[in-house]
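Printed here is final36.tsv (TSV, C-alpha atoms):
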```tsv
chain	number	residue	atom	x	y	z
A	1	MET	CA	4.75	1.34	-7.58
A	2	TRP	CA	5.40	-0.01	-4.09
A	3	ILE	CA	4.25	-3.09	-2.26
A	4	TYR	CA	2.75	-2.18	1.11
A	5	LYS	CA	3.55	-4.56	3.93
A	6	LYS	CA	0.78	-4.11	6.47
A	7	ALA	CA	3.02	-4.19	9.52
A	8	LEU	CA	5.03	-1.50	11.27
A	9	GLN	CA	8.78	-1.51	10.71
A	10	TYR	CA	9.21	-1.81	14.48
A	11	PRO	CA	6.47	-2.81	16.95
A	12	VAL	CA	4.62	-0.13	18.88
A	13	ASN	CA	2.96	-1.47	22.03
A	14	ILE	CA	2.32	1.33	24.49
A	15	THR	CA	0.29	0.61	27.59
A	16	GLU	CA	0.12	4.06	29.21
A	17	THR	CA	-2.10	7.04	28.48
A	18	ASN	CA	-0.10	10.25	28.19
A	19	PRO	CA	-1.48	12.98	25.89
A	20	LYS	CA	1.12	15.44	27.14
A	21	LEU	CA	3.90	13.23	25.79
A	22	ALA	CA	1.92	12.68	22.58
A	23	MET	CA	1.95	16.44	22.00
A	24	SER	CA	5.77	16.40	21.96
A	25	ILE	CA	6.08	13.32	19.79
A	26	ILE	CA	3.64	14.68	17.18
A	27	SER	CA	6.43	17.01	16.03
A	28	GLN	CA	8.04	14.03	14.35
A	29	TYR	CA	4.82	13.52	12.40
A	30	GLY	CA	4.24	17.04	11.12
A	31	GLY	CA	6.93	19.30	12.55
A	32	PRO	CA	9.68	21.07	10.59
A	33	ASP	CA	12.13	18.17	10.97
A	34	GLY	CA	9.60	15.34	11.03
A	35	GLU	CA	8.94	12.26	8.96
A	36	THR	CA	6.31	13.82	6.67
A	37	GLY	CA	8.71	16.47	5.42
A	38	ALA	CA	11.55	13.96	5.08
A	39	SER	CA	9.55	11.50	2.99
A	40	LEU	CA	8.23	14.21	0.64
A	41	ARG	CA	11.66	15.84	0.37
A	42	TYR	CA	13.42	12.67	-0.74
A	43	LEU	CA	10.62	11.54	-3.06
A	44	SER	CA	10.72	14.96	-4.74
A	45	GLN	CA	14.50	15.08	-5.04
A	46	ARG	CA	14.84	11.71	-6.74
A	47	TYR	CA	13.33	12.93	-10.02
A	48	THR	CA	16.20	15.27	-10.87
A	49	MET	CA	18.97	13.04	-9.50
A	50	PRO	CA	21.14	12.13	-12.51
A	51	TYR	CA	22.71	9.06	-10.91
A	52	LYS	CA	20.41	6.04	-10.65
A	53	GLU	CA	22.09	4.54	-7.59
A	54	VAL	CA	21.58	7.79	-5.68
A	55	ALA	CA	17.99	8.15	-6.95
A	56	GLY	CA	17.39	4.61	-5.72
A	57	CYS	CA	18.73	5.48	-2.28
A	58	LEU	CA	16.46	8.54	-2.12
A	59	THR	CA	13.48	6.32	-2.96
A	60	ASP	CA	14.48	3.71	-0.38
A	61	ILE	CA	14.87	6.22	2.43
A	62	ALA	CA	11.74	8.17	1.43
A	63	THR	CA	9.57	5.07	1.62
A	64	GLU	CA	11.11	4.13	4.97
A	65	GLU	CA	10.24	7.61	6.23
A	66	LEU	CA	6.62	6.96	5.21
A	67	GLY	CA	6.79	3.89	7.43
A	68	HIS	CA	8.15	6.04	10.23
A	69	MET	CA	5.13	8.33	9.86
A	70	GLU	CA	3.00	5.25	10.55
A	71	MET	CA	5.03	4.45	13.66
A	72	VAL	CA	4.82	7.99	15.04
A	73	ALA	CA	1.06	8.04	14.38
A	74	ALA	CA	0.72	4.68	16.17
A	75	ILE	CA	2.57	6.09	19.18
A	76	ILE	CA	0.25	9.10	19.32
A	77	VAL	CA	-2.89	6.99	18.93
A	78	GLN	CA	-1.81	4.63	21.68
A	79	LEU	CA	-0.84	7.45	24.05
A	80	THR	CA	-4.23	9.13	23.59
A	81	ARG	CA	-6.66	6.21	23.42
A	82	ASN	CA	-9.48	6.02	25.95
A	83	LEU	CA	-8.89	9.56	27.21
A	84	THR	CA	-11.48	11.00	29.56
A	85	MET	CA	-12.48	14.64	29.42
A	86	ASP	CA	-10.81	15.12	32.82
A	87	GLN	CA	-7.51	13.81	31.42
A	88	ILE	CA	-7.84	15.95	28.30
A	89	GLU	CA	-8.25	19.08	30.40
A	90	ALA	CA	-5.73	18.19	33.12
A	91	MET	CA	-2.92	17.23	30.74
A	92	GLY	CA	-3.10	20.26	28.45
A	93	PHE	CA	-4.62	18.35	25.53
A	94	ALA	CA	-7.75	20.50	25.26
A	95	PRO	CA	-6.52	22.82	22.45
A	96	TYR	CA	-5.61	19.87	20.21
A	97	TYR	CA	-8.83	18.05	21.16
A	98	THR	CA	-10.88	21.12	20.26
A	99	ASP	CA	-9.56	21.15	16.70
A	100	HIS	CA	-8.98	17.45	15.97
A	101	THR	CA	-10.65	15.36	18.71
A	102	LEU	CA	-8.23	12.38	18.75
A	103	GLY	CA	-7.47	12.46	15.01
A	104	ILE	CA	-3.87	12.51	13.82
A	105	TYR	CA	-3.03	15.93	12.42
A	106	PRO	CA	0.42	16.87	11.06
A	107	GLN	CA	1.72	19.62	13.28
A	108	ALA	CA	4.74	20.60	15.32
A	109	ALA	CA	4.89	20.25	19.07
A	110	ALA	CA	4.49	24.04	19.22
A	111	GLY	CA	1.11	23.66	17.50
A	112	PHE	CA	1.74	25.10	14.03
A	113	PRO	CA	0.61	22.88	11.13
A	114	PHE	CA	2.84	21.08	8.67
A	115	THR	CA	3.96	23.26	5.81
A	116	ALA	CA	5.58	22.37	2.50
A	117	ALA	CA	8.05	25.17	3.19
A	118	SER	CA	10.01	22.61	5.22
A	119	ILE	CA	10.60	20.48	2.10
A	120	ALA	CA	13.88	21.32	0.39
A	121	SER	CA	14.24	20.28	-3.26
A	122	LYS	CA	16.76	22.39	-5.16
A	123	GLY	CA	17.44	20.18	-8.19
A	124	ASP	CA	21.18	20.11	-7.55
A	125	PRO	CA	22.56	16.80	-6.24
A	126	ILE	CA	25.26	18.37	-4.10
A	127	THR	CA	22.86	20.89	-2.57
A	128	ASP	CA	20.08	18.38	-2.03
A	129	LEU	CA	22.26	15.68	-0.47
A	130	THR	CA	23.95	18.18	1.82
A	131	GLU	CA	20.48	19.35	2.88
A	132	ASP	CA	19.42	15.73	3.40
A	133	MET	CA	22.36	15.07	5.70
A	134	ALA	CA	21.47	18.17	7.71
A	135	ALA	CA	17.80	17.13	7.79
A	136	GLU	CA	18.70	13.74	9.23
A	137	GLN	CA	20.82	15.37	11.93
A	138	LYS	CA	17.99	17.76	12.82
A	139	ALA	CA	15.58	14.82	13.08
A	140	ARG	CA	18.10	12.96	15.22
A	141	THR	CA	18.34	15.97	17.54
A	142	THR	CA	14.55	16.11	17.84
A	143	TYR	CA	14.47	12.42	18.72
A	144	ASP	CA	17.22	13.06	21.30
A	145	ASN	CA	14.98	15.71	22.86
A	146	ILE	CA	11.99	13.35	22.87
A	147	LEU	CA	14.09	10.61	24.49
A	148	ARG	CA	14.83	12.98	27.38
A	149	LEU	CA	11.09	13.64	27.75
A	150	CYS	CA	10.03	9.99	27.70
A	151	LYS	CA	12.75	8.42	29.87
A	152	ASP	CA	10.07	7.32	32.37
A	153	SER	CA	7.96	5.67	29.65
A	154	PRO	CA	9.89	2.54	28.59
A	155	ASP	CA	7.43	1.45	25.88
A	156	VAL	CA	7.70	4.83	24.19
A	157	TYR	CA	11.44	5.16	24.82
A	158	ASP	CA	12.13	1.88	23.03
A	159	VAL	CA	10.37	2.93	19.82
A	160	ILE	CA	11.84	6.44	19.81
A	161	LYS	CA	15.32	4.97	20.31
A	162	PHE	CA	14.78	2.80	17.20
A	163	LEU	CA	13.61	5.79	15.14
A	164	ARG	CA	16.59	7.84	16.30
A	165	ALA	CA	18.99	5.09	15.21
A	166	ARG	CA	17.47	5.11	11.72
A	167	GLU	CA	18.21	8.84	11.40
A	168	VAL	CA	21.89	8.07	12.01
A	169	VAL	CA	21.85	5.36	9.33
A	170	HIS	CA	20.15	7.71	6.84
A	171	PHE	CA	22.75	10.40	7.54
A	172	GLN	CA	25.48	7.88	6.73
A	173	ARG	CA	23.75	6.70	3.55
A	174	PHE	CA	23.35	10.25	2.28
A	175	GLY	CA	27.05	10.84	2.99
A	176	GLU	CA	27.81	7.81	0.82
A	177	CYS	CA	25.53	9.21	-1.89
A	178	LEU	CA	27.39	12.53	-1.81
A	179	GLY	CA	30.59	10.53	-2.32
A	180	ILE	CA	29.02	8.85	-5.37
A	181	VAL	CA	28.17	12.26	-6.83
A	182	ASN	CA	31.74	13.38	-6.17
A	183	ASP	CA	33.06	10.29	-7.98
A	184	HIS	CA	31.10	11.29	-11.10
A	185	LEU	CA	32.70	14.74	-11.04
A	186	ASN	CA	36.23	15.94	-10.49
A	187	SER	CA	37.94	18.51	-8.30
A	188	ASN	CA	37.81	21.13	-11.08
A	189	ASN	CA	34.03	21.22	-11.33
A	190	TYR	CA	32.68	19.74	-8.09
A	191	TYR	CA	31.45	23.07	-6.71
A	192	GLU	CA	31.04	24.98	-9.96
A	193	PHE	CA	28.30	23.13	-11.81
A	194	ASN	CA	24.97	21.46	-11.22
A	195	PRO	CA	25.35	17.89	-12.54
A	196	ALA	CA	21.57	17.58	-12.83
A	197	PHE	CA	21.38	20.58	-15.17
A	198	ASP	CA	24.78	21.49	-16.71
A	199	ASN	CA	25.77	19.00	-19.38
A	200	ASN	CA	29.46	19.88	-19.39
A	201	CYS	CA	30.25	18.86	-15.81
A	202	ASN	CA	30.25	15.05	-16.07
```
Please lay out the structure from this file as structure tokens.
Amino acid sequence: MWIYKKALQYPVNITETNPKLAMSIISQYGGPDGETGASLRYLSQRYTMPYKEVAGCLTDIATEELGHMEMVAAIIVQLTRNLTMDQIEAMGFAPYYTDHTLGIYPQAAAGFPFTAASIASKGDPITDLTEDMAAEQKARTTYDNILRLCKDSPDVYDVIKFLRAREVVHFQRFGECLGIVNDHLNSNNYYEFNPAFDNNCN
């Protein structure tokens, strides 16, 4: 059970209307390296994690990623509020508008919908944490790309910069978690057994 604090982790106060930019940022809501996939990945992985301190870290980061979904959605809503039909057509927003009006829909910037295929949960701590580190780097790269696209939009740039920084912190935390797993094992069995499944490796 979680306690929901009804405030964003970082303030989102965007004054411009820019549906074209919103269509790029939406990838971090429902794209292959976005916040939806990250939160579900880590929440799923925690159940087979044999080490409580690592399971706790997965839970912490997963719930933060849910908060990041809120932030990305807030960015999109604020970039698309009060759109006129002329703006929708002129800024290439018509295909999205046709299917979703101004509703938030989890999809990639390329337009394909979120899929659970982007959630990796193998049930092996070493595999899962290595995947998590890679996932955080891929998300960081996507945020880097978005930062290049929104350099002329300071309100957006500020929030995206915050979200990018959190990906770096998560990458570091998962590296620490992988070290914890390594500490529970030894050099003779580190890559030969699954500590979540094989009883003889601890």
Distance table requested - range 93-172 of chain A against range 53-77 of chain A, cut-off 8 Å, only C-alpha atoms: one row per qualifying residue with the closest atom pair and its distance in Å to one decimal, ordered by chain and rising residue number, as CSV.
```
residue,atom,partner,partner_atom,distance
A:Leu102,CA,A:Val77,CA,7.6
A:Ile104,CA,A:Ala73,CA,6.7
A:Val156,CA,A:Ile75,CA,7.3
A:Leu163,CA,A:His68,CA,7.3
A:His170,CA,A:Ile61,CA,7.0
```
Proximity to Ala134 in chain A - best of A:Ala109, A:Ile160, A:Ala94, A:Ala38, all atoms listed in the file:
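Once distances to Ala134 in chain A are computed over all atoms listed in the file, the minimum belongs to A:Ala38.
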Near Ile88 in chain A, within 12 Å and counting all atoms listed in the file, which residues show up once chain neighbours fewer than 2 positions away are dropped, as an mmCIF file with C-alpha atoms, keeping the file's coordinate frame?
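Saved result, part20.cif, follows:
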```cif
data_model
loop_
_atom_site.group_PDB
_atom_site.id
_atom_site.type_symbol
_atom_site.label_atom_id
_atom_site.label_comp_id
_atom_site.auth_asym_id
_atom_site.auth_seq_id
_atom_site.Cartn_x
_atom_site.Cartn_y
_atom_site.Cartn_z
ATOM 1 C CA THR A 17 -2.100 7.040 28.480
ATOM 2 C CA ASN A 18 -0.100 10.250 28.190
ATOM 3 C CA PRO A 19 -1.480 12.980 25.890
ATOM 4 C CA LYS A 20 1.120 15.440 27.140
ATOM 5 C CA ALA A 22 1.920 12.680 22.580
ATOM 6 C CA MET A 23 1.950 16.440 22.000
ATOM 7 C CA LEU A 79 -0.840 7.450 24.050
ATOM 8 C CA THR A 80 -4.230 9.130 23.590
ATOM 9 C CA ARG A 81 -6.660 6.210 23.420
ATOM 10 C CA ASN A 82 -9.480 6.020 25.950
ATOM 11 C CA LEU A 83 -8.890 9.560 27.210
ATOM 12 C CA THR A 84 -11.480 11.000 29.560
ATOM 13 C CA MET A 85 -12.480 14.640 29.420
ATOM 14 C CA ASP A 86 -10.810 15.120 32.820
ATOM 15 C CA ALA A 90 -5.730 18.190 33.120
ATOM 16 C CA MET A 91 -2.920 17.230 30.740
ATOM 17 C CA GLY A 92 -3.100 20.260 28.450
ATOM 18 C CA PHE A 93 -4.620 18.350 25.530
ATOM 19 C CA ALA A 94 -7.750 20.500 25.260
ATOM 20 C CA PRO A 95 -6.520 22.820 22.450
ATOM 21 C CA TYR A 96 -5.610 19.870 20.210
ATOM 22 C CA TYR A 97 -8.830 18.050 21.160
ATOM 23 C CA THR A 98 -10.880 21.120 20.260
ATOM 24 C CA THR A 101 -10.650 15.360 18.710
ATOM 25 C CA LEU A 102 -8.230 12.380 18.750
#
```
CA of Leu147 in chain A to CA of Lys161 in chain A, straight-line distance in Å:
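Between CA of Lys161 in chain A and CA of Leu147 in chain A the gap is 7.1 Å.
Excluding Tyr143 in chain A itself and same-chain residues fewer than 3 positions from it, the residues having an atom within 6 Å of it are Arg140, Ile146 and Arg164 of chain A, counting only C-alpha atoms.
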Pick from A:Tyr10, A:Tyr47, A:Trp2, A:Phe162 nearest to Asp128 in chain A, counting only C-alpha atoms:
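Of A:Tyr10, A:Tyr47, A:Trp2, A:Phe162, the one nearest Asp128 in chain A is A:Tyr47, counting only C-alpha atoms.
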Could you give me range 69-94 of chain A completed to N, CA and C atoms, formatted as a CSV table (one decimal), keeping the file's coordinate frame?
```csv
chain,number,residue,atom,x,y,z
A,69,MET,N,6.3,7.6,9.6
A,69,MET,CA,5.1,8.3,9.9
A,69,MET,C,4.1,7.4,10.5
A,70,GLU,N,3.9,6.2,10.0
A,70,GLU,CA,3.0,5.2,10.6
A,70,GLU,C,3.3,5.0,12.0
A,71,MET,N,4.6,4.8,12.3
A,71,MET,CA,5.0,4.4,13.7
A,71,MET,C,4.7,5.6,14.6
A,72,VAL,N,5.1,6.8,14.2
A,72,VAL,CA,4.8,8.0,15.0
A,72,VAL,C,3.3,8.1,15.3
A,73,ALA,N,2.5,8.0,14.2
A,73,ALA,CA,1.1,8.0,14.4
A,73,ALA,C,0.6,7.0,15.3
A,74,ALA,N,1.1,5.8,15.3
A,74,ALA,CA,0.7,4.7,16.2
A,74,ALA,C,1.1,5.0,17.6
A,75,ILE,N,2.2,5.7,17.8
A,75,ILE,CA,2.6,6.1,19.2
A,75,ILE,C,1.5,7.1,19.7
A,76,ILE,N,1.2,8.1,18.9
A,76,ILE,CA,0.2,9.1,19.3
A,76,ILE,C,-1.1,8.5,19.6
A,77,VAL,N,-1.6,7.6,18.7
A,77,VAL,CA,-2.9,7.0,18.9
A,77,VAL,C,-2.9,6.2,20.2
A,78,GLN,N,-1.8,5.5,20.5
A,78,GLN,CA,-1.8,4.6,21.7
A,78,GLN,C,-1.7,5.5,23.0
A,79,LEU,N,-1.0,6.6,22.9
A,79,LEU,CA,-0.8,7.4,24.0
A,79,LEU,C,-2.1,8.2,24.4
A,80,THR,N,-3.0,8.3,23.4
A,80,THR,CA,-4.2,9.1,23.6
A,80,THR,C,-5.5,8.3,23.6
A,81,ARG,N,-5.4,7.0,23.5
A,81,ARG,CA,-6.7,6.2,23.4
A,81,ARG,C,-7.3,6.2,24.8
A,82,ASN,N,-8.6,6.1,24.7
A,82,ASN,CA,-9.5,6.0,26.0
A,82,ASN,C,-9.3,7.2,26.9
A,83,LEU,N,-9.0,8.4,26.4
A,83,LEU,CA,-8.9,9.6,27.2
A,83,LEU,C,-10.3,10.0,27.8
A,84,THR,N,-10.3,10.4,29.0
A,84,THR,CA,-11.5,11.0,29.6
A,84,THR,C,-11.4,12.5,29.4
A,85,MET,N,-12.5,13.2,29.5
A,85,MET,CA,-12.5,14.6,29.4
A,85,MET,C,-11.6,15.2,30.5
A,86,ASP,N,-11.6,14.6,31.7
A,86,ASP,CA,-10.8,15.1,32.8
A,86,ASP,C,-9.3,15.0,32.5
A,87,GLN,N,-8.9,13.9,31.8
A,87,GLN,CA,-7.5,13.8,31.4
A,87,GLN,C,-7.2,14.8,30.3
A,88,ILE,N,-8.1,15.0,29.4
A,88,ILE,CA,-7.8,16.0,28.3
A,88,ILE,C,-7.6,17.4,28.9
A,89,GLU,N,-8.4,17.7,29.8
A,89,GLU,CA,-8.2,19.1,30.4
A,89,GLU,C,-7.0,19.2,31.3
A,90,ALA,N,-6.8,18.1,32.1
A,90,ALA,CA,-5.7,18.2,33.1
A,90,ALA,C,-4.3,18.1,32.5
A,91,MET,N,-4.2,17.4,31.3
A,91,MET,CA,-2.9,17.2,30.7
A,91,MET,C,-2.6,18.2,29.6
A,92,GLY,N,-3.4,19.3,29.5
A,92,GLY,CA,-3.1,20.3,28.4
A,92,GLY,C,-3.4,19.8,27.0
A,93,PHE,N,-4.3,18.9,26.9
A,93,PHE,CA,-4.6,18.4,25.5
A,93,PHE,C,-5.9,19.0,24.9
A,94,ALA,N,-6.5,19.9,25.7
A,94,ALA,CA,-7.8,20.5,25.3
A,94,ALA,C,-7.6,21.3,23.9
```
